[in-house]
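Engineer: This is the structure, below, for whatever I ask next.
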Protein chains: 4
Amino acid sequence: MELKELKQMVVEANKELPRRKLVKYSWGNVSAADRERGIIIIKPVGVPYENLTEENISVVTKDGKILGESWTPSVDLDIHRAIYENFPGVNAIVHTHSTYATILAQLRLPLVCFGTTHADYFAGDVPCVRELEEREILDRYEWNTGMTIVDYFKENHISPEDIPAALTPGHGPFTWGEDVWDAVHKSVVLEEISKMAVHMLCIDKNAQPLKRAVADRHYNRKHGADAAFTKDDYGHGMIQR
Amino acid sequence: MELKELKQMVVEANKELPRRKLVKYSWGNVSAADRERGIIIIKPVGVPYENLTEENISVVTKDGKILGESWTPSVDLDIHRAIYENFPGVNAIVHTHSTYATILAQLRLPLVCFGTTHADYFAGDVPCVRELEEREILDRYEWNTGMTIVDYFKENHISPEDIPAALTPGHGPFTWGEDVWDAVHKSVVLEEISKMAVHMLCIDKNAQPLKRAVADRHYNRKHGADAAFTKDDYGHGMIQR
Amino acid sequence: MELKELKQMVVEANKELPRRKLVKYSWGNVSAADRERGIIIIKPVGVPYENLTEENISVVTKDGKILGESWTPSVDLDIHRAIYENFPGVNAIVHTHSTYATILAQLRLPLVCFGTTHADYFAGDVPCVRELEEREILDRYEWNTGMTIVDYFKENHISPEDIPAALTPGHGPFTWGEDVWDAVHKSVVLEEISKMAVHMLCIDKNAQPLKRAVADRHYNRKHGADAAFTKDDYGHGMIQR
Amino acid sequence: MELKELKQMVVEANKELPRRKLVKYSWGNVSAADRERGIIIIKPVGVPYENLTEENISVVTKDGKILGESWTPSVDLDIHRAIYENFPGVNAIVHTHSTYATILAQLRLPLVCFGTTHADYFAGDVPCVRELEEREILDRYEWNTGMTIVDYFKENHISPEDIPAALTPGHGPFTWGEDVWDAVHKSVVLEEISKMAVHMLCIDKNAQPLKRAVADRHYNRKHGADAAFTKDDYGHGMIQR
């Protein structure tokens, strides 16, 4: 893919966030990693979504150095960088403060797999990762935030492809995917199933998860070798019924 | 009705789902059974609603065989087939993951008849049917899901015309009707009364159902021999006040 | 006012209900009483809001007899009639199944005056009136429903001008006013303050009402002899700040 | 800035309230103080937002006297005046009855800093100030309401720049800022984080606040000497990521 085209995709994916009502003002950012070129393309700080263009979208090296005359990247850049550096299969990341996913994050609760809508996309609960230590907050806060996500998956031997999302406590959700449309799609899904979970927990704090066999059935119907869906079916990261 | 016309109706009824905010992406499907021709028309897998046309809508035999060059049907086809095969008065089925009906399904709770809005459409509680056994999940999952709905109505001697909806536990709602507009209308109603029920249960887990005599009065005001409404009043499945 | 003009107002006020998201499909109706002519103008049964015109709006005598070639009125006509007959100062009535007001009605809870938004419009709690007896349900159900509202106000010596709304248990809200715009305005307010109340009750079932002195101050700032607002300020039933 | 331009800003900022769904009808008002000219510009009473113009926007002296042929100001004028008189750094004030902030106000609960979305804008909890005494309600109610906000900040040695918002019990939220766009922006944020807090409290009345070190980190990332954001980044009071 040409760099120009990738930049356009990142611009469009950022603009999708307010359209999908995942953000107010500029409370979110989408990035993409170009693994071959060793660069990251991310929303610049201080530019409203409606003004994003392929000219002002930020381009940085994988080490975070601003390239050429590129605009200053989002302050969240290092969270994205930590994830890209440790999850080689991830090509795009979305961060939002979407209402219901953030409510769970603020309650420091995982998003339990309560239903097949969840199981269609995630092979288990979406974790709420650990809180940062005092010293991790004071120094390299953003990088350390990204590493709490990375560490959770490594320590629990979970593939980031199987569960392409995490909640950071007191902060909000992150999702990722093979391209920006896939990652944005996951953010939309995460918000909707979080909304369901929040209302369930209002009624029953001990609500029970979906039966494992049904969860596996739904996840495998859509992913992996026996999937009933081909790649082409997905369109912009869509799962079709 | 000409086949072409029925196909157009199924296309339009599928497109109504996102308009009514019952689905995100493609989380739902509408089908119609043409009893005379022995066929089922249903949303094809992998086609966004906005791209549906009478050319790509799926046409299968009542046994589920794809006809001619028709596109591959929704993976949920066999749920629809089980219902059509066992409920001869049902000509259309709608499946969604609409937020509040799905919350109840994920809590494995029936939608109790709490008010006259419910009673205007359903002659009693909308059941949350039983969960599948392990073996029913592994083999013919979709067909078996449909049969849990069928079995519930048969075992409890309930007519599917009287209560044209069911919740499948951990999954979501199904509604049906005499045509696709009637079935979609029921899905819209089901979601709205589910929203009311969810909020009621947040306040009072022991909320009491509507008095039986009022429920009957409302249901019979709209259905059956003494109905104050004639068929023509309904328009597209609408109940008028 | 000419009859033609009043009919246009009733048509427009009915169309306002879906615009204000107070109804789905045709779950609501607005009527007006023309006291001089001794007639009631009300939404006809079986006509979607978008098709309402001054030609098909129903015109009946105050005793409920259809005039001339007029279309059949809403099945709720007799609820309206009971209110008009007993509350001579009421010139317009609105009935909806708006979500949050209906939730309170289904919980058989009054809408307590929890804040100044409520006190700006209602001089106290909006009552949830009594349930009907079995015999009142079987015979003249609609008239009797209207009379539970009338009786509540008479028995409690409350003026329907001071509290221009009531909830019928298991059913939904009714509001009224000096004209259709005033009555629709009250329905919008009722729904919004019901939404606030429902969420408050989710958090605290013993939430305390607004201090009486503040409630009186706000109500009197807008109504009565010392009101800071003149009639003209209201526009279409609006209370301005 | 020319007076004409400031009037246009106040007009536009008032119109932003319904666009941001912070108000129904005219339940809110925006004002600006012109410190040099010693005047306050505020929404006039009895004018719907859509009819506001620089001709009918109210202009009063800092003592509340109507200037020239100016329209009558909002009844809430004296709440604004008390704040302007005591918080010299405040140049604009917004009052609304936005749903979730009002729910907290009606519950007499502060808006606890539960997450980084809150900490990005407010250097601590948003207080719910004290209730008025009987005599304060009967005489100079609006002025006294404003003074409960002023007194809270003075008694608790909190700078109104650090926490640019307050809830008045049983009433609703007020926000302020360096200009009208900054103040409106704070009202939008306040409503969104209130929505999160309300749902959290439905699940867990003892929900824990954000760790202080994270809160400080986020607040200081956006404000003060070491801020990663320059003034220009904010656009219309926006905080960018």
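A note on labels: chains of the structure tokens are A, B, ... as shown, every chain counts residues from 1, and ligands are counted from 1 in their shown order.
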Near Glu136 (chain C), counting only C-alpha atoms, which residues have an atom at most 12 Å away, once you skip same-chain residues fewer than 3 positions from it, shown as a list in words?

Structural biologist: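 Using only C-alpha atoms, the neighbours found are Ala213, Val214 and Arg217 of chain B; Arg130, Glu131, Leu132, Glu133, Asp139, Arg140, Tyr141, Glu142, Trp143, Asn144, Thr145, Gly146, Met147 and Thr148 of chain C.
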
Engineer: Can you list, as an MDAnalysis selection string, all residues belonging to region 30-225 of chain A that DSSP tags as alpha helix (DSSP H)?

Structural biologist: chainID A and resid 77:86 99:106 116:119 134:138 141:155 180:203 212:222

Engineer: Write a file of the selected residues as an mmCIF file, in the first residue's frame, keeping C-alpha atoms.

Structural biologist:
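Output below, filename out_34.cif:
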```
data_model
loop_
_atom_site.group_PDB
_atom_site.id
_atom_site.type_symbol
_atom_site.label_atom_id
_atom_site.label_comp_id
_atom_site.auth_asym_id
_atom_site.auth_seq_id
_atom_site.Cartn_x
_atom_site.Cartn_y
_atom_site.Cartn_z
ATOM 1 C CA LEU A 77 1.588 8.119 21.076
ATOM 2 C CA ASP A 78 3.745 6.108 23.470
ATOM 3 C CA ILE A 79 0.783 3.961 24.531
ATOM 4 C CA HIS A 80 0.369 3.016 20.873
ATOM 5 C CA ARG A 81 4.149 2.513 20.474
ATOM 6 C CA ALA A 82 4.392 0.090 23.399
ATOM 7 C CA ILE A 83 1.622 -2.021 21.896
ATOM 8 C CA TYR A 84 3.071 -2.011 18.362
ATOM 9 C CA GLU A 85 6.539 -2.910 19.626
ATOM 10 C CA ASN A 86 5.274 -5.930 21.546
ATOM 11 C CA THR A 99 -19.130 6.041 27.597
ATOM 12 C CA TYR A 100 -19.885 2.486 28.679
ATOM 13 C CA ALA A 101 -16.448 0.939 28.143
ATOM 14 C CA THR A 102 -15.052 3.818 30.212
ATOM 15 C CA ILE A 103 -17.629 3.174 32.951
ATOM 16 C CA LEU A 104 -16.317 -0.395 33.283
ATOM 17 C CA ALA A 105 -12.716 0.871 33.207
ATOM 18 C CA GLN A 106 -13.532 3.392 35.954
ATOM 19 C CA THR A 116 -22.837 -14.245 21.772
ATOM 20 C CA THR A 117 -22.453 -10.644 20.558
ATOM 21 C CA HIS A 118 -19.270 -10.556 22.627
ATOM 22 C CA ALA A 119 -18.219 -14.089 21.637
ATOM 23 C CA GLU A 134 3.365 5.705 41.652
ATOM 24 C CA ARG A 135 6.769 5.741 39.927
ATOM 25 C CA GLU A 136 5.280 4.480 36.652
ATOM 26 C CA ILE A 137 2.891 7.425 36.708
ATOM 27 C CA LEU A 138 5.581 10.021 37.312
ATOM 28 C CA TYR A 141 3.353 7.459 32.028
ATOM 29 C CA GLU A 142 2.123 6.801 28.496
ATOM 30 C CA TRP A 143 4.675 4.109 27.685
ATOM 31 C CA ASN A 144 4.000 2.384 30.999
ATOM 32 C CA THR A 145 0.275 2.467 30.344
ATOM 33 C CA GLY A 146 0.835 0.631 27.085
ATOM 34 C CA MET A 147 3.050 -1.887 28.861
ATOM 35 C CA THR A 148 0.343 -2.808 31.412
ATOM 36 C CA ILE A 149 -1.688 -3.997 28.437
ATOM 37 C CA VAL A 150 1.252 -5.849 26.903
ATOM 38 C CA ASP A 151 2.188 -7.464 30.215
ATOM 39 C CA TYR A 152 -1.343 -8.666 30.870
ATOM 40 C CA PHE A 153 -1.495 -10.583 27.612
ATOM 41 C CA LYS A 154 2.024 -12.021 27.984
ATOM 42 C CA GLU A 155 1.595 -13.066 31.617
ATOM 43 C CA VAL A 180 -7.665 0.709 11.061
ATOM 44 C CA TRP A 181 -11.153 -0.320 9.950
ATOM 45 C CA ASP A 182 -10.883 -3.581 11.836
ATOM 46 C CA ALA A 183 -9.705 -1.732 14.963
ATOM 47 C CA VAL A 184 -12.462 0.903 14.765
ATOM 48 C CA HIS A 185 -15.018 -1.854 14.254
ATOM 49 C CA LYS A 186 -13.812 -3.498 17.478
ATOM 50 C CA SER A 187 -14.220 -0.185 19.340
ATOM 51 C CA VAL A 188 -17.835 0.085 18.191
ATOM 52 C CA VAL A 189 -18.526 -3.488 19.269
ATOM 53 C CA LEU A 190 -16.741 -3.013 22.588
ATOM 54 C CA GLU A 191 -18.887 0.019 23.406
ATOM 55 C CA GLU A 192 -22.150 -1.749 22.566
ATOM 56 C CA ILE A 193 -21.390 -4.888 24.576
ATOM 57 C CA SER A 194 -20.119 -2.692 27.416
ATOM 58 C CA LYS A 195 -23.479 -0.913 27.396
ATOM 59 C CA MET A 196 -25.214 -4.265 27.735
ATOM 60 C CA ALA A 197 -22.839 -5.350 30.524
ATOM 61 C CA VAL A 198 -23.276 -2.102 32.495
ATOM 62 C CA HIS A 199 -27.058 -2.473 32.498
ATOM 63 C CA MET A 200 -26.784 -6.157 33.435
ATOM 64 C CA LEU A 201 -24.572 -5.280 36.391
ATOM 65 C CA CYS A 202 -27.092 -2.640 37.503
ATOM 66 C CA ILE A 203 -29.639 -5.464 37.816
ATOM 67 C CA ARG A 212 -18.125 -21.721 27.316
ATOM 68 C CA ALA A 213 -19.263 -24.094 24.567
ATOM 69 C CA VAL A 214 -21.567 -21.476 23.047
ATOM 70 C CA ALA A 215 -18.865 -18.811 23.291
ATOM 71 C CA ASP A 216 -16.381 -21.067 21.497
ATOM 72 C CA ARG A 217 -18.945 -22.022 18.890
ATOM 73 C CA HIS A 218 -19.653 -18.380 18.043
ATOM 74 C CA TYR A 219 -16.028 -17.293 18.073
ATOM 75 C CA ASN A 220 -14.946 -20.179 15.867
ATOM 76 C CA ARG A 221 -17.885 -19.663 13.506
ATOM 77 C CA LYS A 222 -16.232 -16.369 12.607
#
```

Engineer: If we count only C-alpha atoms and set the cut-off at 6 Å, which residues sit around Leu210 (chain C), ignoring sequence neighbours fewer than 2 positions away in its own chain? Please answer as a list in words.

Structural biologist: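 What passes the distance filter is Phe114 and Gly115 of chain C; Gly170 of chain D.
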
Engineer: Which residues come within 12 Å of Leu17 (chain C), counting only C-alpha atoms, excluding same-chain residues fewer than 3 positions away, as a PyMOL selection string?

Structural biologist: chain C and resi 10-14+20-30+43+48-50+94-98+180-181+183-188+191

Engineer: May I have the selected residues written with C-alpha atoms, as a PDB file, in the first residue's frame?

Structural biologist:
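Listing of part.pdb after writing:
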```
ATOM      1  CA  VAL C  10     -54.295  19.419  16.582  1.00  0.00           C
ATOM      2  CA  VAL C  11     -52.749  17.899  13.451  1.00  0.00           C
ATOM      3  CA  GLU C  12     -49.461  19.692  14.069  1.00  0.00           C
ATOM      4  CA  ALA C  13     -49.385  18.867  17.780  1.00  0.00           C
ATOM      5  CA  ASN C  14     -49.899  15.167  17.004  1.00  0.00           C
ATOM      6  CA  ARG C  20     -39.990  14.921  20.244  1.00  0.00           C
ATOM      7  CA  LYS C  21     -39.396  11.130  20.445  1.00  0.00           C
ATOM      8  CA  LEU C  22     -42.327  10.682  22.791  1.00  0.00           C
ATOM      9  CA  VAL C  23     -43.896   7.927  20.704  1.00  0.00           C
ATOM     10  CA  LYS C  24     -42.996   4.997  18.521  1.00  0.00           C
ATOM     11  CA  TYR C  25     -45.352   4.168  15.660  1.00  0.00           C
ATOM     12  CA  SER C  26     -48.661   5.664  16.779  1.00  0.00           C
ATOM     13  CA  TRP C  27     -48.436   5.192  20.555  1.00  0.00           C
ATOM     14  CA  GLY C  28     -49.957   8.505  21.498  1.00  0.00           C
ATOM     15  CA  ASN C  29     -52.636  11.018  20.741  1.00  0.00           C
ATOM     16  CA  VAL C  30     -53.355  14.692  21.163  1.00  0.00           C
ATOM     17  CA  LYS C  43     -56.254  11.871  16.344  1.00  0.00           C
ATOM     18  CA  PRO C  48     -49.897   7.319  10.925  1.00  0.00           C
ATOM     19  CA  TYR C  49     -48.820  10.754  12.182  1.00  0.00           C
ATOM     20  CA  GLU C  50     -47.225  11.643   8.865  1.00  0.00           C
ATOM     21  CA  VAL C  94     -51.836  14.497  25.397  1.00  0.00           C
ATOM     22  CA  HIS C  95     -51.398  10.782  25.972  1.00  0.00           C
ATOM     23  CA  THR C  96     -48.161   8.944  25.185  1.00  0.00           C
ATOM     24  CA  HIS C  97     -46.237   5.843  26.222  1.00  0.00           C
ATOM     25  CA  SER C  98     -42.999   7.831  26.561  1.00  0.00           C
ATOM     26  CA  VAL C 180     -52.333  21.670  22.503  1.00  0.00           C
ATOM     27  CA  TRP C 181     -48.855  23.247  22.503  1.00  0.00           C
ATOM     28  CA  ALA C 183     -50.072  20.126  26.744  1.00  0.00           C
ATOM     29  CA  VAL C 184     -47.374  18.713  24.421  1.00  0.00           C
ATOM     30  CA  HIS C 185     -44.787  20.872  26.184  1.00  0.00           C
ATOM     31  CA  LYS C 186     -45.825  19.312  29.505  1.00  0.00           C
ATOM     32  CA  SER C 187     -45.390  15.821  28.005  1.00  0.00           C
ATOM     33  CA  VAL C 188     -41.832  16.626  26.923  1.00  0.00           C
ATOM     34  CA  GLU C 191     -40.574  12.566  30.122  1.00  0.00           C
TER      35      GLU C 191
END
```

Engineer: Pick out the closest residue to Ala165 (chain C) from this set: C:Ile66, C:Leu111, C:Ala207, C:Ile42. Count only C-alpha atoms.

Structural biologist: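 Of C:Ile66, C:Leu111, C:Ala207, C:Ile42, the one nearest Ala165 (chain C), counting only C-alpha atoms, is C:Leu111.
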
Engineer: Using Å and a single decimal, report how far CA of Phe122 (chain D) sits from CA of Gln8 (chain D).

Structural biologist: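 So the two atoms, CA of Gln8 (chain D) and CA of Phe122 (chain D), lie 28.0 Å apart.
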
Engineer: Per DSSP on the backbone, what are the strand (DSSP E or B) residues of chain B, as a PyMOL selection string?

Structural biologist: chain B and resi 26+28-34+39-42+44+58-61+66+73+92-96+111+126+128+165-168+172-177+240

Engineer: Tell me, as a VMD selection string, which residues lie within 10 Å of region 33-40 of chain B, counting only C-alpha atoms; anything in the same chain fewer than 2 positions away does not count.

Structural biologist: chain B and resid 1 3 6 to 7 31 42 58 to 67 73 77 80 to 81 84 to 85 88 to 93 178 to 180

Engineer: Please provide the set of residues having any atom within 6 Å of Leu167 (chain B), restricted to only C-alpha atoms, with same-chain residues fewer than 3 positions apart removed, written as number ranges by chain.

Structural biologist: B: 105, 128, 172-173

Engineer: As an exercise, work out the distance from CA of Gly46 (chain D) to CA of Pro18 (chain D) in Å and give it to one decimal place.

Structural biologist: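 Atom-to-atom, CA of Gly46 (chain D) and CA of Pro18 (chain D) are spaced 15.6 Å apart.
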
Engineer: Just give me the gap between CA of Gly177 (chain A) and CA of Glu161 (chain A) in Å, one decimal is fine.

Structural biologist: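 For CA of Gly177 (chain A) relative to CA of Glu161 (chain A), the distance reads 7.5 Å.
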
Engineer: With distances taken over only C-alpha atoms, which residue among D:Asp76, D:Phe87, D:His157, D:His223 lies nearest Asp120 (chain D)?

Structural biologist: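 Closest to Asp120 (chain D) of all the choices is D:His223.
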